[in-house]
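Chemist: Dropping the structure in here first, questions after.
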2 protein chains.
Amino acid sequence: MSPKKFQVGVVGATGAVGAEMIRVLHARQFPVAELHLFASERSAGKKLATPFGEKEIELFSVEAARKMDFVFLAVSGSFAKEHAPAIATDGGAIVIDNSSAFRYDDAIPLVVPEINPQAAKGARLIANPNCTTAILAVALWPLHQAYGVQKVIVSTYQAASGAGAEGMAELKNGVQEYLNSKQSGHEIFAYPLPFNVIPHIDTFQDNGFTREEMKVAWETQKIFGNNKLAISCTAVRIPTLRAHAEAVTIETEQPIDPAAARELLKSAPGVKVVDDPAKLEYPMPLTATEKYDVEVGRIRQSLVFGDHGLDFFVCGDQILKGAALNAVQIAELLV
Amino acid sequence: MSPKKFQVGVVGATGAVGAEMIRVLHARQFPVAELHLFASERSAGKKLATPFGEKEIELFSVEAARKMDFVFLAVSGSFAKEHAPAIATDGGAIVIDNSSAFRYDDAIPLVVPEINPQAAKGARLIANPNCTTAILAVALWPLHQAYGVQKVIVSTYQAASGAGAEGMAELKNGVQEYLNSKQSGHEIFAYPLPFNVIPHIDTFQDNGFTREEMKVAWETQKIFGNNKLAISCTAVRIPTLRAHAEAVTIETEQPIDPAAARELLKSAPGVKVVDDPAKLEYPMPLTATEKYDVEVGRIRQSLVFGDHGLDFFVCGDQILKGAALNAVQIAELLV
């Protein structure tokens, strides 16, 4: 008997995350019987080259999507909100949604497979976390289990890819424009990103934090199942292309030692310890881009929290662990 | 009687910081009788256009430098260590040194004029702080005075200019190279900087921190005259040209409120509050570059330290407040 294969749909296949979902499904040999790509009228009928062969994009409809076994949504939160529940109801497909639409809904699991795989069991609609959260969480979880993380202070170095393929294109074109004329236009980002730093991602909340910053706090608490974990984030867009970096300081309940933390992280799934300063080894977008594992390094005793604190640096591919890879890993839990 | 004017020497006038010192001396109408530019044999004899007119670079000697009233050193720490004391001894010049050579010497004052101007009084050799430190310190000091800062966690976003004009050139050329060929060379930085993030500035210490990170801790403690202040820094080079940004979290002895902190900072010297998210106003290299004031914004109640904590973001010109401006301000204290 051959192993079961599945009808798999991807909605938003022409975007940066959707395209990467298809590559990851193929690379990880997800048991795909047939791949269906769905889009709006604007893209339907177009042909797309994929590792599964050339595919014609089909017009999205709830009915068509319900015929799938798995549907990956790499589209807006409003689209997901409107259609995901109808796709997922009994007899429909299992939906894995990359938007923030359902992440804060207590009835919908929010899953990082290395952390809370049990939350996905039996669910028909599952939320994929924010990219910055997923990258932070895989490194933080083993430390939390062993030492009881109580406080997290994180400053991010987020790539243009967080704003999709258009964000990456705006940065590349803008950099060339800047080199030619010392200025560059902008549409995707609030200000020109080339040679700049923009401490503003997503909308501002009443408490002065951006929604991106609050997502890191809300989602990490939900994934860890611990709403006492205190997290303060500063989310910053910088002129890099697709890997996010994060400077992290933690305070722990138990005393924590950099050498022991390093050893612990070496055996943690989804994590690659890159931490040998003498050999110039530390996490960077240059090395973390297009990798599945999140790089963790610069592990050292915090000078603020002493033997109950650690400073470290992480870097992970925003489109992979930050989006497409995590979504496919969720589906893998359910086959 | 006309006000007194001074013989002013700049050593290292062809570097990024030296050139900016000359511009700042002119822009702030420092009472310069004659400007002398000193360099090694390699540059001596060359002509340099300055706001004070074209100047021929003179061969550096301690004897020539001692004839000045003020000597600004924008050279290496080893050069400063070798020559600064001999220039400054009685009958010589007052020396303001931009290197780290004397910053940790208890006998030598380390001065940010907005904070500890009294330390400069009567001194003949004065150290100018590290760029990241100076930019942080002007924003931190008013908060420290009013609320008693106890813990500081800072993550930096440091520009290529911290490695001098060569660093800026390497980034600009490298970005063009990357756009053409998807890779770029590097000599100044440990890795290619274009579209990358490098969590490594200066050498690594035994405690896992870089010297750059420790400078922020050591120097802030010395300038504030408070060695109980706990500071943990992550210093990160990013692909920007000349303004450094810093994400800062503080814990304070007294309860602290974002609105009150914002008002306090509005009247602080050397600081410009840029903090109106609704109008998309926050600190950025785009706006802080070539400005004297350090921009402070994104001021909000820390989610980790509650009503005894604040998160904020600063951005300041690395070559100005981070180097040349602060050095000239020190000289202004002494005329």
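Identifiers for the structure tokens are assigned positionally: chains receive A, B, ... in sequence, residues are indexed from 1 per chain, and ligands are indexed from 1 in the order shown.
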From a DSSP calculation on the backbone, collect every residue of region 61-96 of chain A in strand (DSSP E) and output the set as a VMD selection string.
Modeler: chain A and resid 70 to 73 94 to 96
Chemist: Residues of chain B within 8 Å of chain A, counting only C-alpha atoms - could you list those as a short mmCIF file (atom, residue, chain, number, x, y, z; two decimals) with N, CA, C and O atoms, in the first residue's frame?
Modeler:
```cif
data_model
loop_
_atom_site.label_atom_id
_atom_site.label_comp_id
_atom_site.auth_asym_id
_atom_site.auth_seq_id
_atom_site.Cartn_x
_atom_site.Cartn_y
_atom_site.Cartn_z
N LYS B 151 19.03 50.23 35.45
CA LYS B 151 19.39 49.22 34.45
C LYS B 151 19.18 49.81 33.06
O LYS B 151 18.18 50.49 32.83
N VAL B 152 20.10 49.51 32.17
CA VAL B 152 19.99 49.95 30.78
C VAL B 152 20.28 48.75 29.87
O VAL B 152 21.33 48.12 30.00
N ILE B 153 19.36 48.47 28.99
CA ILE B 153 19.58 47.43 27.97
C ILE B 153 19.52 48.14 26.63
O ILE B 153 18.53 48.80 26.31
N SER B 155 20.40 48.01 22.36
CA SER B 155 20.79 47.32 21.13
C SER B 155 21.04 48.39 20.08
O SER B 155 20.20 49.26 19.89
N LYS B 172 29.15 51.62 0.26
CA LYS B 172 28.57 52.14 -1.00
C LYS B 172 29.02 51.31 -2.20
O LYS B 172 28.22 50.90 -3.02
N VAL B 175 27.47 47.75 -2.05
CA VAL B 175 26.06 47.68 -2.41
C VAL B 175 25.92 47.64 -3.93
O VAL B 175 25.16 46.84 -4.49
N GLN B 176 26.70 48.48 -4.60
CA GLN B 176 26.65 48.48 -6.08
C GLN B 176 27.11 47.14 -6.63
O GLN B 176 26.48 46.57 -7.53
N LEU B 179 24.38 44.58 -6.15
CA LEU B 179 23.29 44.74 -7.11
C LEU B 179 23.68 44.18 -8.47
O LEU B 179 22.85 43.64 -9.20
N ALA B 190 34.29 42.67 8.93
CA ALA B 190 34.62 41.24 9.02
C ALA B 190 33.89 40.42 7.96
O ALA B 190 34.35 39.35 7.56
N PRO B 194 26.77 45.01 2.87
CA PRO B 194 25.55 45.29 2.10
C PRO B 194 24.46 44.26 2.36
O PRO B 194 24.71 43.05 2.29
N PHE B 195 23.27 44.73 2.71
CA PHE B 195 22.11 43.88 2.99
C PHE B 195 22.40 42.84 4.08
O PHE B 195 21.76 41.80 4.15
N ASN B 196 23.36 43.14 4.93
CA ASN B 196 23.71 42.23 6.01
C ASN B 196 23.69 42.98 7.35
O ASN B 196 23.56 44.22 7.39
N VAL B 197 23.85 42.25 8.42
CA VAL B 197 23.88 42.75 9.79
C VAL B 197 25.04 42.01 10.45
O VAL B 197 25.14 40.79 10.32
N ILE B 198 25.95 42.73 11.10
CA ILE B 198 27.13 42.09 11.68
C ILE B 198 27.19 42.41 13.18
O ILE B 198 27.50 43.54 13.56
N PRO B 199 26.89 41.42 14.04
CA PRO B 199 26.85 41.69 15.49
C PRO B 199 28.24 41.62 16.11
O PRO B 199 28.47 40.86 17.04
N PHE B 204 36.52 40.99 20.57
CA PHE B 204 35.78 40.26 21.61
C PHE B 204 36.57 40.19 22.90
O PHE B 204 37.79 40.01 22.90
N ASN B 207 34.49 38.08 28.45
CA ASN B 207 33.11 37.89 28.93
C ASN B 207 32.09 37.71 27.79
O ASN B 207 30.89 37.68 28.04
N GLY B 208 32.58 37.64 26.55
CA GLY B 208 31.68 37.41 25.43
C GLY B 208 31.15 38.69 24.80
O GLY B 208 30.56 38.66 23.72
N PHE B 209 31.34 39.81 25.49
CA PHE B 209 30.96 41.10 24.93
C PHE B 209 32.10 41.62 24.05
O PHE B 209 33.26 41.27 24.28
N ALA B 230 23.90 49.60 35.81
CA ALA B 230 24.10 48.33 35.08
C ALA B 230 23.69 48.51 33.62
O ALA B 230 22.56 48.91 33.33
N ILE B 231 24.62 48.23 32.72
CA ILE B 231 24.36 48.42 31.28
C ILE B 231 24.79 47.18 30.52
O ILE B 231 25.92 46.72 30.66
N SER B 232 23.88 46.64 29.74
CA SER B 232 24.21 45.51 28.86
C SER B 232 23.89 45.94 27.44
O SER B 232 22.78 46.37 27.15
N THR B 234 24.25 45.33 23.11
CA THR B 234 24.55 44.52 21.92
C THR B 234 24.83 45.51 20.79
O THR B 234 23.95 46.29 20.42
N ILE B 238 25.10 47.78 10.83
CA ILE B 238 24.07 47.57 9.81
C ILE B 238 24.41 48.45 8.59
O ILE B 238 25.22 49.37 8.69
N PRO B 239 23.79 48.17 7.45
CA PRO B 239 24.15 48.90 6.23
C PRO B 239 23.53 50.28 6.10
O PRO B 239 22.74 50.55 5.21
N THR B 240 23.89 51.17 7.04
CA THR B 240 23.54 52.59 6.92
C THR B 240 24.84 53.38 6.86
O THR B 240 25.91 52.83 7.15
N LEU B 241 24.76 54.66 6.50
CA LEU B 241 26.00 55.39 6.21
C LEU B 241 26.58 56.15 7.40
O LEU B 241 27.75 56.00 7.70
N ALA B 245 21.58 54.39 15.36
CA ALA B 245 20.34 54.33 16.11
C ALA B 245 20.52 53.33 17.26
O ALA B 245 21.41 52.48 17.22
N ALA B 247 18.08 51.12 20.29
CA ALA B 247 16.85 50.77 20.99
C ALA B 247 17.21 50.60 22.46
O ALA B 247 18.09 49.80 22.80
N THR B 249 16.05 50.21 26.63
CA THR B 249 15.09 49.90 27.69
C THR B 249 15.75 50.27 29.01
O THR B 249 16.90 49.89 29.25
N PRO B 277 3.98 59.35 16.68
CA PRO B 277 3.71 58.25 15.74
C PRO B 277 2.55 58.54 14.80
O PRO B 277 2.59 58.14 13.64
N ALA B 278 1.52 59.25 15.29
CA ALA B 278 0.35 59.53 14.43
C ALA B 278 0.78 60.33 13.20
O ALA B 278 0.17 60.22 12.13
N LEU B 280 3.79 59.97 11.95
CA LEU B 280 4.96 59.21 11.46
C LEU B 280 6.27 59.91 11.84
O LEU B 280 7.20 59.98 11.05
N TYR B 282 9.41 59.78 14.23
CA TYR B 282 10.24 58.98 15.12
C TYR B 282 11.68 59.12 14.64
O TYR B 282 11.92 59.56 13.52
N PRO B 283 12.65 58.77 15.50
CA PRO B 283 14.05 58.97 15.11
C PRO B 283 14.45 58.03 13.97
O PRO B 283 14.07 56.86 13.96
N MET B 284 15.20 58.56 13.04
CA MET B 284 15.71 57.77 11.90
C MET B 284 17.02 58.37 11.41
O MET B 284 17.19 59.59 11.46
N PRO B 285 17.92 57.54 10.87
CA PRO B 285 19.12 58.08 10.22
C PRO B 285 18.78 59.11 9.14
O PRO B 285 19.50 60.11 8.97
N LEU B 286 17.70 58.88 8.42
CA LEU B 286 17.28 59.79 7.35
C LEU B 286 17.16 61.23 7.84
O LEU B 286 17.49 62.18 7.13
N ARG B 298 9.70 57.23 20.11
CA ARG B 298 9.15 55.90 20.45
C ARG B 298 9.16 55.71 21.98
O ARG B 298 9.38 54.59 22.48
N ILE B 299 8.91 56.79 22.71
CA ILE B 299 8.94 56.71 24.17
C ILE B 299 7.65 56.04 24.66
O ILE B 299 6.56 56.52 24.36
N ARG B 300 7.79 54.94 25.39
CA ARG B 300 6.61 54.22 25.85
C ARG B 300 6.94 53.44 27.13
O ARG B 300 8.12 53.16 27.39
N GLN B 301 5.89 53.12 27.87
CA GLN B 301 6.07 52.38 29.12
C GLN B 301 6.55 50.97 28.81
O GLN B 301 5.91 50.27 28.01
N SER B 302 7.63 50.57 29.43
CA SER B 302 8.14 49.21 29.18
C SER B 302 7.13 48.17 29.62
O SER B 302 6.52 48.27 30.69
N LEU B 303 6.97 47.13 28.83
CA LEU B 303 6.07 46.04 29.19
C LEU B 303 6.77 45.04 30.11
O LEU B 303 6.16 44.10 30.60
N VAL B 304 8.06 45.26 30.35
CA VAL B 304 8.82 44.36 31.22
C VAL B 304 9.04 44.98 32.60
O VAL B 304 8.93 44.29 33.61
N ASP B 311 10.75 52.20 27.37
CA ASP B 311 11.43 51.82 26.13
C ASP B 311 11.50 53.08 25.27
O ASP B 311 10.52 53.85 25.21
N PHE B 313 13.78 55.03 21.61
CA PHE B 313 14.65 54.84 20.45
C PHE B 313 15.38 56.16 20.23
O PHE B 313 14.78 57.22 20.32
#
```
Chemist: Between A:Val138, A:Arg42, A:Ala74, A:Leu325, which is the closest to Val273 (chain A) once you count only C-alpha atoms?
Modeler: A:Val138
Chemist: If you count only C-alpha atoms, which residues fall within 9 Å of Leu59 (chain A), apart from same-chain ones fewer than 2 positions away, as a VMD selection string?
Modeler: chain A and resid 37 to 45 57 61 64
Chemist: Residues of region 66-187 of chain A in alpha helix (DSSP H) according to DSSP, as a PyMOL selection string?
Modeler: chain A and resi 66+77-88+131-147+164-181
Chemist: Restricting it to N, CA and C atoms, dump the selection as a short mmCIF file (atom, residue, chain, number, x, y, z; two decimals), in the first residue's frame.
Modeler:
```cif
data_model
loop_
_atom_site.label_atom_id
_atom_site.label_comp_id
_atom_site.auth_asym_id
_atom_site.auth_seq_id
_atom_site.Cartn_x
_atom_site.Cartn_y
_atom_site.Cartn_z
N ARG A 66 -12.37 23.94 -0.79
CA ARG A 66 -12.88 22.87 0.10
C ARG A 66 -12.58 21.47 -0.44
N GLY A 77 -5.05 39.36 5.91
CA GLY A 77 -5.88 38.99 7.04
C GLY A 77 -7.36 39.12 6.73
N SER A 78 -7.73 40.12 5.95
CA SER A 78 -9.15 40.31 5.66
C SER A 78 -9.67 39.19 4.76
N PHE A 79 -8.87 38.76 3.79
CA PHE A 79 -9.25 37.62 2.94
C PHE A 79 -9.42 36.36 3.79
N ALA A 80 -8.44 36.14 4.67
CA ALA A 80 -8.48 34.95 5.52
C ALA A 80 -9.72 34.98 6.41
N LYS A 81 -9.97 36.13 7.00
CA LYS A 81 -11.13 36.27 7.90
C LYS A 81 -12.42 35.92 7.16
N GLU A 82 -12.50 36.39 5.91
CA GLU A 82 -13.72 36.19 5.14
C GLU A 82 -13.91 34.72 4.73
N HIS A 83 -12.82 34.05 4.32
CA HIS A 83 -12.99 32.76 3.67
C HIS A 83 -12.52 31.54 4.46
N ALA A 84 -11.53 31.72 5.36
CA ALA A 84 -10.92 30.54 6.00
C ALA A 84 -11.94 29.66 6.72
N PRO A 85 -12.85 30.24 7.53
CA PRO A 85 -13.77 29.35 8.26
C PRO A 85 -14.64 28.51 7.32
N ALA A 86 -15.07 29.11 6.22
CA ALA A 86 -15.93 28.36 5.29
C ALA A 86 -15.15 27.25 4.58
N ILE A 87 -13.84 27.47 4.34
CA ILE A 87 -13.04 26.40 3.71
C ILE A 87 -12.85 25.24 4.69
N ALA A 88 -12.74 25.60 5.98
CA ALA A 88 -12.30 24.61 6.98
C ALA A 88 -13.42 23.81 7.60
N CYS A 131 6.38 36.40 11.77
CA CYS A 131 7.74 35.96 11.45
C CYS A 131 8.73 36.22 12.59
N THR A 132 8.66 37.39 13.18
CA THR A 132 9.59 37.74 14.26
C THR A 132 9.36 36.84 15.48
N THR A 133 8.09 36.55 15.73
CA THR A 133 7.74 35.67 16.85
C THR A 133 8.30 34.27 16.64
N ALA A 134 8.08 33.69 15.45
CA ALA A 134 8.50 32.31 15.21
C ALA A 134 10.01 32.18 15.38
N ILE A 135 10.75 33.15 14.85
CA ILE A 135 12.22 33.10 14.91
C ILE A 135 12.71 33.22 16.35
N LEU A 136 12.08 34.11 17.12
CA LEU A 136 12.43 34.26 18.53
C LEU A 136 12.04 33.01 19.33
N ALA A 137 10.84 32.50 19.07
CA ALA A 137 10.26 31.47 19.93
C ALA A 137 11.06 30.17 19.91
N VAL A 138 11.56 29.75 18.73
CA VAL A 138 12.31 28.47 18.71
C VAL A 138 13.57 28.55 19.54
N ALA A 139 14.18 29.73 19.63
CA ALA A 139 15.39 29.87 20.45
C ALA A 139 15.05 30.04 21.92
N LEU A 140 13.92 30.68 22.18
CA LEU A 140 13.55 31.01 23.56
C LEU A 140 12.98 29.80 24.31
N TRP A 141 12.27 28.94 23.59
CA TRP A 141 11.53 27.84 24.22
C TRP A 141 12.41 26.90 25.04
N PRO A 142 13.54 26.40 24.47
CA PRO A 142 14.37 25.49 25.28
C PRO A 142 14.89 26.19 26.54
N LEU A 143 15.21 27.46 26.43
CA LEU A 143 15.68 28.22 27.60
C LEU A 143 14.55 28.38 28.61
N HIS A 144 13.35 28.61 28.10
CA HIS A 144 12.20 28.77 28.98
C HIS A 144 11.91 27.48 29.74
N GLN A 145 11.98 26.35 29.04
CA GLN A 145 11.71 25.07 29.70
C GLN A 145 12.73 24.77 30.80
N ALA A 146 13.99 25.11 30.53
CA ALA A 146 15.05 24.74 31.47
C ALA A 146 15.23 25.75 32.59
N TYR A 147 15.00 27.02 32.29
CA TYR A 147 15.37 28.06 33.27
C TYR A 147 14.20 28.96 33.69
N GLY A 164 6.83 41.66 1.92
CA GLY A 164 6.59 40.90 0.69
C GLY A 164 7.60 41.18 -0.41
N ALA A 165 7.33 40.56 -1.57
CA ALA A 165 8.22 40.73 -2.71
C ALA A 165 8.32 42.20 -3.12
N GLU A 166 7.21 42.94 -2.95
CA GLU A 166 7.22 44.36 -3.29
C GLU A 166 8.18 45.13 -2.40
N GLY A 167 8.25 44.74 -1.13
CA GLY A 167 9.17 45.40 -0.19
C GLY A 167 10.61 45.16 -0.60
N MET A 168 10.92 43.92 -0.98
CA MET A 168 12.28 43.60 -1.41
C MET A 168 12.64 44.38 -2.68
N ALA A 169 11.69 44.44 -3.61
CA ALA A 169 11.94 45.17 -4.86
C ALA A 169 12.15 46.65 -4.59
N GLU A 170 11.32 47.22 -3.68
CA GLU A 170 11.46 48.65 -3.37
C GLU A 170 12.83 48.94 -2.78
N LEU A 171 13.33 48.04 -1.93
CA LEU A 171 14.65 48.26 -1.33
C LEU A 171 15.74 48.18 -2.40
N LYS A 172 15.70 47.13 -3.22
CA LYS A 172 16.74 46.98 -4.25
C LYS A 172 16.74 48.16 -5.23
N ASN A 173 15.56 48.50 -5.73
CA ASN A 173 15.48 49.61 -6.67
C ASN A 173 15.88 50.92 -6.00
N GLY A 174 15.46 51.07 -4.75
CA GLY A 174 15.73 52.31 -4.02
C GLY A 174 17.21 52.50 -3.75
N VAL A 175 17.89 51.42 -3.46
CA VAL A 175 19.33 51.49 -3.21
C VAL A 175 20.05 51.98 -4.47
N GLN A 176 19.64 51.41 -5.62
CA GLN A 176 20.25 51.84 -6.89
C GLN A 176 19.96 53.32 -7.15
N GLU A 177 18.71 53.70 -6.91
CA GLU A 177 18.30 55.10 -7.07
C GLU A 177 19.15 56.01 -6.18
N TYR A 178 19.34 55.58 -4.92
CA TYR A 178 20.11 56.39 -3.97
C TYR A 178 21.56 56.53 -4.43
N LEU A 179 22.14 55.44 -4.92
CA LEU A 179 23.53 55.50 -5.37
C LEU A 179 23.66 56.46 -6.56
N ASN A 180 22.61 56.53 -7.39
CA ASN A 180 22.67 57.41 -8.56
C ASN A 180 22.39 58.86 -8.21
N SER A 181 21.47 59.09 -7.27
CA SER A 181 20.96 60.47 -7.09
C SER A 181 20.88 60.92 -5.63
#
```
Chemist: Can you list, as a list in words, every protein, DNA or RNA residue that comes within 9 Å of Gly270 (chain B) when you count only C-alpha atoms, leaving out same-chain residues fewer than 3 positions away?
Modeler: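 Close residues of Gly270 (chain B): Glu114, Val138, Ala139, Tyr292, Asp293, Val294, Glu295 and Lys321 of chain B.
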Chemist: Quick one: write out the picked residues with N, CA, C and O atoms as a PDB file, in the first residue's frame?
Modeler:
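Done, and the output landed in again_33.pdb:
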```pdb
ATOM      1  N   GLU B 114      27.021  68.315  27.893  1.00  0.00           N
ATOM      2  CA  GLU B 114      25.678  68.448  28.470  1.00  0.00           C
ATOM      3  C   GLU B 114      25.581  67.756  29.830  1.00  0.00           C
ATOM      4  O   GLU B 114      24.606  67.947  30.560  1.00  0.00           O
ATOM      5  N   VAL B 138      23.417  61.534  26.159  1.00  0.00           N
ATOM      6  CA  VAL B 138      22.661  62.801  26.208  1.00  0.00           C
ATOM      7  C   VAL B 138      21.173  62.559  26.434  1.00  0.00           C
ATOM      8  O   VAL B 138      20.505  63.390  27.053  1.00  0.00           O
ATOM      9  N   ALA B 139      20.664  61.452  25.926  1.00  0.00           N
ATOM     10  CA  ALA B 139      19.245  61.151  26.137  1.00  0.00           C
ATOM     11  C   ALA B 139      19.002  60.548  27.517  1.00  0.00           C
ATOM     12  O   ALA B 139      17.970  60.778  28.150  1.00  0.00           O
ATOM     13  N   TYR B 292      22.987  68.274  14.742  1.00  0.00           N
ATOM     14  CA  TYR B 292      23.711  68.289  16.014  1.00  0.00           C
ATOM     15  C   TYR B 292      22.960  67.504  17.102  1.00  0.00           C
ATOM     16  O   TYR B 292      23.560  66.799  17.905  1.00  0.00           O
ATOM     17  N   ASP B 293      21.644  67.709  17.155  1.00  0.00           N
ATOM     18  CA  ASP B 293      20.870  67.093  18.240  1.00  0.00           C
ATOM     19  C   ASP B 293      20.653  65.596  18.012  1.00  0.00           C
ATOM     20  O   ASP B 293      20.535  65.138  16.876  1.00  0.00           O
ATOM     21  N   VAL B 294      20.566  64.887  19.099  1.00  0.00           N
ATOM     22  CA  VAL B 294      20.219  63.465  19.064  1.00  0.00           C
ATOM     23  C   VAL B 294      18.698  63.351  19.099  1.00  0.00           C
ATOM     24  O   VAL B 294      18.047  63.935  19.970  1.00  0.00           O
ATOM     25  N   GLU B 295      18.135  62.636  18.141  1.00  0.00           N
ATOM     26  CA  GLU B 295      16.687  62.451  18.116  1.00  0.00           C
ATOM     27  C   GLU B 295      16.274  61.365  19.118  1.00  0.00           C
ATOM     28  O   GLU B 295      16.900  60.310  19.186  1.00  0.00           O
ATOM     29  N   LYS B 321      27.559  64.368  16.993  1.00  0.00           N
ATOM     30  CA  LYS B 321      27.523  64.184  18.451  1.00  0.00           C
ATOM     31  C   LYS B 321      28.366  62.977  18.842  1.00  0.00           C
ATOM     32  O   LYS B 321      28.960  62.946  19.918  1.00  0.00           O
TER      33      LYS B 321
END
```
Chemist: Which value, in Å to one decimal, gives the distance between CA of Pro109 (chain A) and CA of Val8 (chain A)?
Modeler: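 Rounded to one decimal, the two atoms are 20.4 Å apart.
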